[in-house]
Protein chains: 2
Amino acid sequence: MRADQQLSGIFAPVLTLLKADLSPDTGAYVRYCRWIVSQGAGLAVFGTNSEANSFSLHERLALLAALIEAGLPADRMMPGTGACALTDSVTLCAAAAKANTAAVLMLPPFYYKDIPEDGLFAFYAETIERVGDNRLKICLYHIPQISGVPIGLSLIKRLIERYPRTVVGIKDSSGDMTNTKAMLEAFHGFRVFCGSERFLVETMHRGGAGSISASANLNPAAIVDTYRHWQSDNAGERQAELNAFRAAFDGFPMIPALKRAVAHYGRYEPAKQVRPPLMPLANSNWAVLKPRLEALGFAAPGLSAALSTYS
Amino acid sequence: MRADQQLSGIFAPVLTLLKADLSPDTGAYVRYCRWIVSQGAGLAVFGTNSEANSFSLHERLALLAALIEAGLPADRMMPGTGACALTDSVTLCAAAAKANTAAVLMLPPFYYKDIPEDGLFAFYAETIERVGDNRLKICLYHIPQISGVPIGLSLIKRLIERYPRTVVGIKDSSGDMTNTKAMLEAFHGFRVFCGSERFLVETMHRGGAGSISASANLNPAAIVDTYRHWQSDNAGERQAELNAFRAAFDGFPMIPALKRAVAHYGRYEPAKQVRPPLMPLANSNWAVLKPRLEALGFAAPGLSAALSTYS
């Protein structure tokens with residue numbers, strides 16, 4: 001597979017499944033990742049929807065090692081390496097590069113706000129220089145409504161010019177298609193992923209690389225199918241179906257809602273657990289969400305068999 | 001010293017001094033902490049001004065161990081334990097409790113925004129339960145303009161009611177004296193620190209515990225003096241002098257500016273370094289700040305001798 005094919009398509013920001021003591025349920029997590037890959041999606045492990053920043057460096061490194069050890073395809077992985085500390089950023093990026101993952105999904109450091117562009121550039125540059133591994137491929141991660149630290153066009157331009165073989169793409173989770181379009185127009189060959197599958201067909205028409213979005217945790221096959229057929233006559237209908245699925249989650253906290261749905265369709269009760277500061281989905285919310293999903297005829301084929309298979 | 005005396009007064013959010021490779025300059029850091037203590041201030045190491053979140057868990061633990069090893073007084077330390085990950089929060093709080101520090105200064109988990117109060121409560125509660133050490137004393141850290149996650153009165157009330165011997169105070173860095181007053185009025189005996197010495201005398205008049213503020217890194221003696229004499233006839237004049245010192249920094253990024261000033265007055269050039277995403281103070285800014293400090297007759301007595309003394 002060519003590098004530009006590896007870094008394209010649909011990636012799930014994989015939910016991090018937990019045991020009762022809130023430690024990672026590594027066995028179930030590996031099985032869950034296998035299911036996502038079987039549906040045609042890649043593994044954007046350790047993203048926002050993965051609660052990645054709620055886990056220590058050690059926990060993230062151990063989960064990545066477990067996935068590699070279990071034979072999940074590194075070239076379909078895009079681990080998040082978001083960290084406020086330069087030293088953590090280097091450790092996480094180095095581990096991902098060493099494992100030959102397709103790329104890393106890299107937040108800006110997100111504690112300090114109103115950071116000058118020079119400081120953000122220095123953080124990325126210092127990470128890249130210290131890792132010093134040409135296997136490192138960085139997909140920037142723009143999600144200002146959560147990180148509080150936007151990645152502007154001018155910063156992207158500087159990073160691409162300085163590290164053209166390393167800084168290869170971006171996930172735009174701003175929810176602002178105008179911004180996504182501006183990136184697609186400004187940087188030819190840059191891999192731009194929309195952060196919501198609502199923009200998938202439009203993003204592809206404009207030269208995008210695909211989507212990394214929350215609902216690919218539950219509905220990967222349909223999103224992959226739309227991705228593969230974005231040029232087909234009925235792409236609009238496919239897109240509308242994805243949007244209807246996504247809309248079922250409107251009004252609920254996305255991560256707890258997805259975990260509750262994975263627990264239900266996977267018939268694996270522990271999957272509903274989240275780490276504080278997130279809280280599990282309220283039963284009253286599930287009482288609304290469940291019939292919405294049923295009304296869509298949603299079934300999550302294979303998920304139950306995957307999660308319940310102990311290997 | 002009684003516990004409520006330990007958790008009062010002036011604390012410096014100690015600047016983390018760095019070597020050229022941006023690793024902590026442990027030797028200089030220990031000497032710098034000794035100077036701060038010699039001026040009468042306590043050590044709020046690993047705060048916002050310390051760039052604490054720019055350091056890994058391991059780096060923070062190693063620095064705390066170095067301070068204890070060097071004989072700095074644990075009962076005058078309030079290490080920051082800010083972390084997004086529950087597991088990191090537990091590790092940092094447990095280390096501080098074991099070292100018998102006066103308290104910890106604990107941010108809310110700051111990646112996710114718009115977190116329900118139940119989730120923040122769960123994060124603090126789970127940390128406290130897992131540490132399981134009655135030496136743990138928590139000073140909450142309210143700095144919504146940076147963390148993005150406010151600590152409201154209702155959350156404080158729940159935490160105090162559930163953990164009255166553990167959740168003992170708060171640093172209010174909101175810059176909103178109305179909020180500080182509301183806390184002081186609502187929670188009798190709760191140790192409320194203002195996050196800027198501009199509010200020191202007023203905070204003390206209203207029953208506050210003291211101040212934890214950036215400029216105590218450079219000007220600790222004067223702030224401590226004002227704290228000790230807040231009931232004196234000339235407290236207003238002393239407060240005005242503190243305000244004039246603080247105002248000298250207006251318009252500059254506080255951490256780089258303080259580090260540049262410590263490097264200058266300490267005659268220790270490496271002190272000016274910061275970790276990305278922060279950037280060193282521009283020379284053009286120092287060219288304005290330096291004469292401002294000189295015009296105030298500022299001298300940082302003893303800082304040069306302290307920083308240059310290798311022991």
# chains A, B, ... in the order shown; residues from 1 in each chain; ligands from 1

call {"tool": "residues_around", "arguments": {"residues": "Asp114 in chain A", "least_positions_apart": "2", "cutoff": "10 Å", "atoms": "only C-alpha atoms", "output": "ChimeraX atom specification"}}
result
/A:112,116-117,148-150 /B:146

call {"tool": "write_last_selection", "arguments": {"atoms": "N, CA, C and O atoms", "output": "short mmCIF file (atom, residue, chain, number, x, y, z; two decimals), in the first residue's frame"}}
result
data_model
loop_
_atom_site.label_atom_id
_atom_site.label_comp_id
_atom_site.auth_asym_id
_atom_site.auth_seq_id
_atom_site.Cartn_x
_atom_site.Cartn_y
_atom_site.Cartn_z
N TYR A 112 -1.62 26.07 28.17
CA TYR A 112 -1.57 27.52 27.99
C TYR A 112 -2.40 27.93 26.78
O TYR A 112 -2.42 27.23 25.77
N PRO A 116 1.76 32.28 21.28
CA PRO A 116 2.16 32.82 19.97
C PRO A 116 2.49 31.68 19.01
O PRO A 116 2.90 30.59 19.42
N GLU A 117 2.29 31.95 17.73
CA GLU A 117 2.54 30.92 16.71
C GLU A 117 3.96 30.37 16.79
O GLU A 117 4.19 29.18 16.59
N GLY A 148 -8.70 24.53 23.01
CA GLY A 148 -8.50 25.94 23.32
C GLY A 148 -7.33 26.55 22.58
O GLY A 148 -7.01 27.72 22.78
N VAL A 149 -6.69 25.75 21.73
CA VAL A 149 -5.48 26.20 21.01
C VAL A 149 -5.65 25.90 19.52
O VAL A 149 -5.43 24.77 19.08
N PRO A 150 -6.07 26.88 18.74
CA PRO A 150 -6.27 26.64 17.31
C PRO A 150 -4.95 26.44 16.56
O PRO A 150 -3.91 26.93 16.98
N ILE B 146 -7.39 29.92 31.94
CA ILE B 146 -6.36 29.06 31.34
C ILE B 146 -6.84 27.60 31.29
O ILE B 146 -6.78 26.95 30.25
#

call {"tool": "residues_around", "arguments": {"residues": "Val90 in chain A", "least_positions_apart": "2", "cutoff": "12 Å", "atoms": "only C-alpha atoms", "output": "MDAnalysis selection string"}}
result
(chainID A and resid 57 81:88 92:98 104 106 123:133 136) or (chainID B and resid 55:56)

call {"tool": "select_by_dssp", "arguments": {"residues": "range 52-297 of chain A", "states": "strand (DSSP E)", "output": "PDB file with all heavy atoms, in the first residue's frame"}}
result
ATOM      1  N   VAL A 104       0.817   9.869  13.307  1.00  0.00           N
ATOM      2  CA  VAL A 104       0.295  10.184  14.635  1.00  0.00           C
ATOM      3  C   VAL A 104      -0.678  11.351  14.469  1.00  0.00           C
ATOM      4  O   VAL A 104      -0.570  12.130  13.526  1.00  0.00           O
ATOM      5  CB  VAL A 104       1.402  10.571  15.643  1.00  0.00           C
ATOM      6  CG1 VAL A 104       2.395   9.423  15.820  1.00  0.00           C
ATOM      7  CG2 VAL A 104       2.122  11.851  15.224  1.00  0.00           C
ATOM      8  N   LEU A 105      -1.623  11.435  15.387  1.00  0.00           N
ATOM      9  CA  LEU A 105      -2.576  12.543  15.385  1.00  0.00           C
ATOM     10  C   LEU A 105      -2.194  13.430  16.566  1.00  0.00           C
ATOM     11  O   LEU A 105      -2.306  13.019  17.722  1.00  0.00           O
ATOM     12  CB  LEU A 105      -4.000  11.987  15.543  1.00  0.00           C
ATOM     13  CG  LEU A 105      -5.156  12.952  15.353  1.00  0.00           C
ATOM     14  CD1 LEU A 105      -5.109  13.656  14.009  1.00  0.00           C
ATOM     15  CD2 LEU A 105      -6.486  12.207  15.503  1.00  0.00           C
ATOM     16  N   MET A 106      -1.677  14.624  16.253  1.00  0.00           N
ATOM     17  CA  MET A 106      -0.972  15.404  17.272  1.00  0.00           C
ATOM     18  C   MET A 106      -1.656  16.723  17.594  1.00  0.00           C
ATOM     19  O   MET A 106      -1.658  17.652  16.794  1.00  0.00           O
ATOM     20  CB  MET A 106       0.469  15.631  16.795  1.00  0.00           C
ATOM     21  CG  MET A 106       1.374  16.232  17.853  1.00  0.00           C
ATOM     22  SD  MET A 106       3.112  16.228  17.262  1.00  0.00           S
ATOM     23  CE  MET A 106       3.847  17.362  18.437  1.00  0.00           C
ATOM     24  N   ILE A 138       3.190  13.142  10.853  1.00  0.00           N
ATOM     25  CA  ILE A 138       2.287  13.855  11.767  1.00  0.00           C
ATOM     26  C   ILE A 138       1.048  14.351  11.036  1.00  0.00           C
ATOM     27  O   ILE A 138       1.133  15.029  10.012  1.00  0.00           O
ATOM     28  CB  ILE A 138       3.004  15.051  12.428  1.00  0.00           C
ATOM     29  CG1 ILE A 138       4.099  14.535  13.376  1.00  0.00           C
ATOM     30  CG2 ILE A 138       2.007  15.934  13.187  1.00  0.00           C
ATOM     31  CD1 ILE A 138       4.927  15.631  14.020  1.00  0.00           C
ATOM     32  N   CYS A 139      -0.087  13.973  11.595  1.00  0.00           N
ATOM     33  CA  CYS A 139      -1.358  14.559  11.201  1.00  0.00           C
ATOM     34  C   CYS A 139      -1.725  15.528  12.329  1.00  0.00           C
ATOM     35  O   CYS A 139      -1.916  15.109  13.477  1.00  0.00           O
ATOM     36  CB  CYS A 139      -2.401  13.446  11.044  1.00  0.00           C
ATOM     37  SG  CYS A 139      -3.987  14.002  10.412  1.00  0.00           S
ATOM     38  N   LEU A 140      -1.750  16.812  12.031  1.00  0.00           N
ATOM     39  CA  LEU A 140      -2.091  17.810  13.043  1.00  0.00           C
ATOM     40  C   LEU A 140      -3.558  17.638  13.461  1.00  0.00           C
ATOM     41  O   LEU A 140      -4.352  17.060  12.719  1.00  0.00           O
ATOM     42  CB  LEU A 140      -1.868  19.224  12.483  1.00  0.00           C
ATOM     43  CG  LEU A 140      -0.455  19.498  11.950  1.00  0.00           C
ATOM     44  CD1 LEU A 140      -0.422  20.824  11.181  1.00  0.00           C
ATOM     45  CD2 LEU A 140       0.558  19.506  13.084  1.00  0.00           C
ATOM     46  N   TYR A 141      -3.883  18.157  14.620  1.00  0.00           N
ATOM     47  CA  TYR A 141      -5.235  17.939  15.142  1.00  0.00           C
ATOM     48  C   TYR A 141      -5.803  19.278  15.612  1.00  0.00           C
ATOM     49  O   TYR A 141      -5.433  19.795  16.666  1.00  0.00           O
ATOM     50  CB  TYR A 141      -5.157  16.925  16.289  1.00  0.00           C
ATOM     51  CG  TYR A 141      -6.478  16.453  16.860  1.00  0.00           C
ATOM     52  CD1 TYR A 141      -7.698  16.808  16.295  1.00  0.00           C
ATOM     53  CD2 TYR A 141      -6.514  15.624  17.970  1.00  0.00           C
ATOM     54  CE1 TYR A 141      -8.892  16.364  16.825  1.00  0.00           C
ATOM     55  CE2 TYR A 141      -7.699  15.175  18.517  1.00  0.00           C
ATOM     56  CZ  TYR A 141      -8.890  15.557  17.935  1.00  0.00           C
ATOM     57  OH  TYR A 141     -10.082  15.121  18.476  1.00  0.00           O
ATOM     58  N   HIS A 142      -6.701  19.792  14.809  1.00  0.00           N
ATOM     59  CA  HIS A 142      -7.312  21.110  15.064  1.00  0.00           C
ATOM     60  C   HIS A 142      -8.701  20.914  15.673  1.00  0.00           C
ATOM     61  O   HIS A 142      -9.635  20.522  14.977  1.00  0.00           O
ATOM     62  CB  HIS A 142      -7.404  21.862  13.732  1.00  0.00           C
ATOM     63  CG  HIS A 142      -8.065  23.202  13.805  1.00  0.00           C
ATOM     64  ND1 HIS A 142      -7.618  24.221  14.626  1.00  0.00           N
ATOM     65  CD2 HIS A 142      -9.150  23.706  13.155  1.00  0.00           C
ATOM     66  CE1 HIS A 142      -8.393  25.287  14.465  1.00  0.00           C
ATOM     67  NE2 HIS A 142      -9.326  24.997  13.588  1.00  0.00           N
ATOM     68  N   VAL A 167       5.213  16.460   8.378  1.00  0.00           N
ATOM     69  CA  VAL A 167       3.884  17.054   8.653  1.00  0.00           C
ATOM     70  C   VAL A 167       3.041  16.868   7.393  1.00  0.00           C
ATOM     71  O   VAL A 167       3.143  17.628   6.435  1.00  0.00           O
ATOM     72  CB  VAL A 167       4.022  18.534   9.048  1.00  0.00           C
ATOM     73  CG1 VAL A 167       2.643  19.137   9.310  1.00  0.00           C
ATOM     74  CG2 VAL A 167       4.911  18.657  10.295  1.00  0.00           C
ATOM     75  N   VAL A 168       2.227  15.811   7.426  1.00  0.00           N
ATOM     76  CA  VAL A 168       1.600  15.350   6.179  1.00  0.00           C
ATOM     77  C   VAL A 168       0.090  15.548   6.119  1.00  0.00           C
ATOM     78  O   VAL A 168      -0.524  15.342   5.080  1.00  0.00           O
ATOM     79  CB  VAL A 168       1.915  13.854   5.943  1.00  0.00           C
ATOM     80  CG1 VAL A 168       3.409  13.651   5.740  1.00  0.00           C
ATOM     81  CG2 VAL A 168       1.413  12.994   7.107  1.00  0.00           C
ATOM     82  N   GLY A 169      -0.524  15.955   7.232  1.00  0.00           N
ATOM     83  CA  GLY A 169      -1.967  16.097   7.172  1.00  0.00           C
ATOM     84  C   GLY A 169      -2.540  16.777   8.394  1.00  0.00           C
ATOM     85  O   GLY A 169      -1.816  17.185   9.308  1.00  0.00           O
ATOM     86  N   ILE A 170      -3.865  16.895   8.391  1.00  0.00           N
ATOM     87  CA  ILE A 170      -4.558  17.508   9.525  1.00  0.00           C
ATOM     88  C   ILE A 170      -5.952  16.920   9.654  1.00  0.00           C
ATOM     89  O   ILE A 170      -6.572  16.531   8.662  1.00  0.00           O
ATOM     90  CB  ILE A 170      -4.638  19.053   9.365  1.00  0.00           C
ATOM     91  CG1 ILE A 170      -5.073  19.713  10.688  1.00  0.00           C
ATOM     92  CG2 ILE A 170      -5.579  19.446   8.222  1.00  0.00           C
ATOM     93  CD1 ILE A 170      -4.761  21.208  10.745  1.00  0.00           C
ATOM     94  N   LYS A 171      -6.390  16.801  10.879  1.00  0.00           N
ATOM     95  CA  LYS A 171      -7.787  16.513  11.152  1.00  0.00           C
ATOM     96  C   LYS A 171      -8.433  17.817  11.581  1.00  0.00           C
ATOM     97  O   LYS A 171      -8.004  18.435  12.561  1.00  0.00           O
ATOM     98  CB  LYS A 171      -7.925  15.482  12.272  1.00  0.00           C
ATOM     99  CG  LYS A 171      -9.387  15.224  12.649  1.00  0.00           C
ATOM    100  CD  LYS A 171      -9.570  14.340  13.870  1.00  0.00           C
ATOM    101  CE  LYS A 171     -11.059  14.159  14.139  1.00  0.00           C
ATOM    102  NZ  LYS A 171     -11.340  13.514  15.432  1.00  0.00           N
ATOM    103  N   ASP A 172      -9.448  18.228  10.838  1.00  0.00           N
ATOM    104  CA  ASP A 172     -10.137  19.466  11.177  1.00  0.00           C
ATOM    105  C   ASP A 172     -11.433  19.135  11.905  1.00  0.00           C
ATOM    106  O   ASP A 172     -12.434  18.777  11.289  1.00  0.00           O
ATOM    107  CB  ASP A 172     -10.435  20.289   9.921  1.00  0.00           C
ATOM    108  CG  ASP A 172     -11.074  21.624  10.274  1.00  0.00           C
ATOM    109  OD1 ASP A 172     -11.209  21.925  11.477  1.00  0.00           O
ATOM    110  OD2 ASP A 172     -11.420  22.377   9.338  1.00  0.00           O
ATOM    111  N   ARG A 191      -2.945  15.949   3.555  1.00  0.00           N
ATOM    112  CA  ARG A 191      -4.037  15.015   3.811  1.00  0.00           C
ATOM    113  C   ARG A 191      -5.008  15.642   4.811  1.00  0.00           C
ATOM    114  O   ARG A 191      -4.730  15.684   6.010  1.00  0.00           O
ATOM    115  CB  ARG A 191      -3.496  13.699   4.383  1.00  0.00           C
ATOM    116  CG  ARG A 191      -2.252  13.156   3.690  1.00  0.00           C
ATOM    117  CD  ARG A 191      -2.458  12.806   2.255  1.00  0.00           C
ATOM    118  NE  ARG A 191      -3.315  11.647   2.094  1.00  0.00           N
ATOM    119  CZ  ARG A 191      -3.915  11.338   0.957  1.00  0.00           C
ATOM    120  NH1 ARG A 191      -3.768  12.109  -0.111  1.00  0.00           N
ATOM    121  NH2 ARG A 191      -4.666  10.269   0.878  1.00  0.00           N
ATOM    122  N   VAL A 192      -6.136  16.099   4.330  1.00  0.00           N
ATOM    123  CA  VAL A 192      -7.098  16.776   5.199  1.00  0.00           C
ATOM    124  C   VAL A 192      -8.268  15.841   5.510  1.00  0.00           C
ATOM    125  O   VAL A 192      -8.959  15.367   4.600  1.00  0.00           O
ATOM    126  CB  VAL A 192      -7.612  18.083   4.555  1.00  0.00           C
ATOM    127  CG1 VAL A 192      -8.666  18.738   5.451  1.00  0.00           C
ATOM    128  CG2 VAL A 192      -6.447  19.032   4.288  1.00  0.00           C
ATOM    129  N   PHE A 193      -8.452  15.562   6.780  1.00  0.00           N
ATOM    130  CA  PHE A 193      -9.552  14.724   7.255  1.00  0.00           C
ATOM    131  C   PHE A 193     -10.597  15.608   7.927  1.00  0.00           C
ATOM    132  O   PHE A 193     -10.250  16.452   8.762  1.00  0.00           O
ATOM    133  CB  PHE A 193      -9.057  13.708   8.292  1.00  0.00           C
ATOM    134  CG  PHE A 193      -8.132  12.665   7.738  1.00  0.00           C
ATOM    135  CD1 PHE A 193      -6.771  12.915   7.621  1.00  0.00           C
ATOM    136  CD2 PHE A 193      -8.623  11.427   7.338  1.00  0.00           C
ATOM    137  CE1 PHE A 193      -5.906  11.956   7.111  1.00  0.00           C
ATOM    138  CE2 PHE A 193      -7.757  10.454   6.827  1.00  0.00           C
ATOM    139  CZ  PHE A 193      -6.399  10.717   6.705  1.00  0.00           C
ATOM    140  N   CYS A 194     -11.856  15.381   7.598  1.00  0.00           N
ATOM    141  CA  CYS A 194     -12.885  16.088   8.346  1.00  0.00           C
ATOM    142  C   CYS A 194     -13.112  15.350   9.668  1.00  0.00           C
ATOM    143  O   CYS A 194     -12.973  14.131   9.758  1.00  0.00           O
ATOM    144  CB  CYS A 194     -14.179  16.220   7.551  1.00  0.00           C
ATOM    145  SG  CYS A 194     -14.832  14.709   6.861  1.00  0.00           S
ATOM    146  N   GLY A 210     -10.312  11.892   3.830  1.00  0.00           N
ATOM    147  CA  GLY A 210     -11.262  11.019   4.516  1.00  0.00           C
ATOM    148  C   GLY A 210     -11.800  11.667   5.764  1.00  0.00           C
ATOM    149  O   GLY A 210     -11.881  12.900   5.842  1.00  0.00           O
ATOM    150  N   SER A 211     -12.131  10.831   6.739  1.00  0.00           N
ATOM    151  CA  SER A 211     -12.751  11.340   7.954  1.00  0.00           C
ATOM    152  C   SER A 211     -12.271  10.543   9.162  1.00  0.00           C
ATOM    153  O   SER A 211     -12.045   9.334   9.077  1.00  0.00           O
ATOM    154  CB  SER A 211     -14.285  11.231   7.824  1.00  0.00           C
ATOM    155  OG  SER A 211     -14.919  11.585   9.036  1.00  0.00           O
ATOM    156  N   ILE A 212     -12.103  11.245  10.248  1.00  0.00           N
ATOM    157  CA  ILE A 212     -11.805  10.611  11.536  1.00  0.00           C
ATOM    158  C   ILE A 212     -12.920  11.090  12.445  1.00  0.00           C
ATOM    159  O   ILE A 212     -12.917  12.265  12.847  1.00  0.00           O
ATOM    160  CB  ILE A 212     -10.441  11.073  12.096  1.00  0.00           C
ATOM    161  CG1 ILE A 212      -9.331  10.862  11.059  1.00  0.00           C
ATOM    162  CG2 ILE A 212     -10.109  10.341  13.392  1.00  0.00           C
ATOM    163  CD1 ILE A 212      -8.002  11.531  11.430  1.00  0.00           C
TER     164      ILE A 212
END

call {"tool": "closest_residue", "arguments": {"among": "B:Ile115, B:Ala300, B:Val30, B:Ala261", "to": "chain A", "atoms": "only C-alpha atoms"}}
result
B:Ile115

call {"tool": "closest_residue", "arguments": {"among": "B:Thr166, B:Gln39, B:Thr203, B:Ser54", "to": "chain A", "atoms": "only C-alpha atoms"}}
result
B:Ser54

call {"tool": "select_by_dssp", "arguments": {"residues": "range 78-281 of chain B", "states": "alpha helix (DSSP H)", "output": "ChimeraX atom specification"}}
result
/B:86-98,117-131,144-147,153-162,177-186,200-205,220-228,235-247,254-265

call {"tool": "atom_distance", "arguments": {"atom1": "CA of Gly40 in chain B", "atom2": "CA of Ala74 in chain B"}}
result
14.1 Å
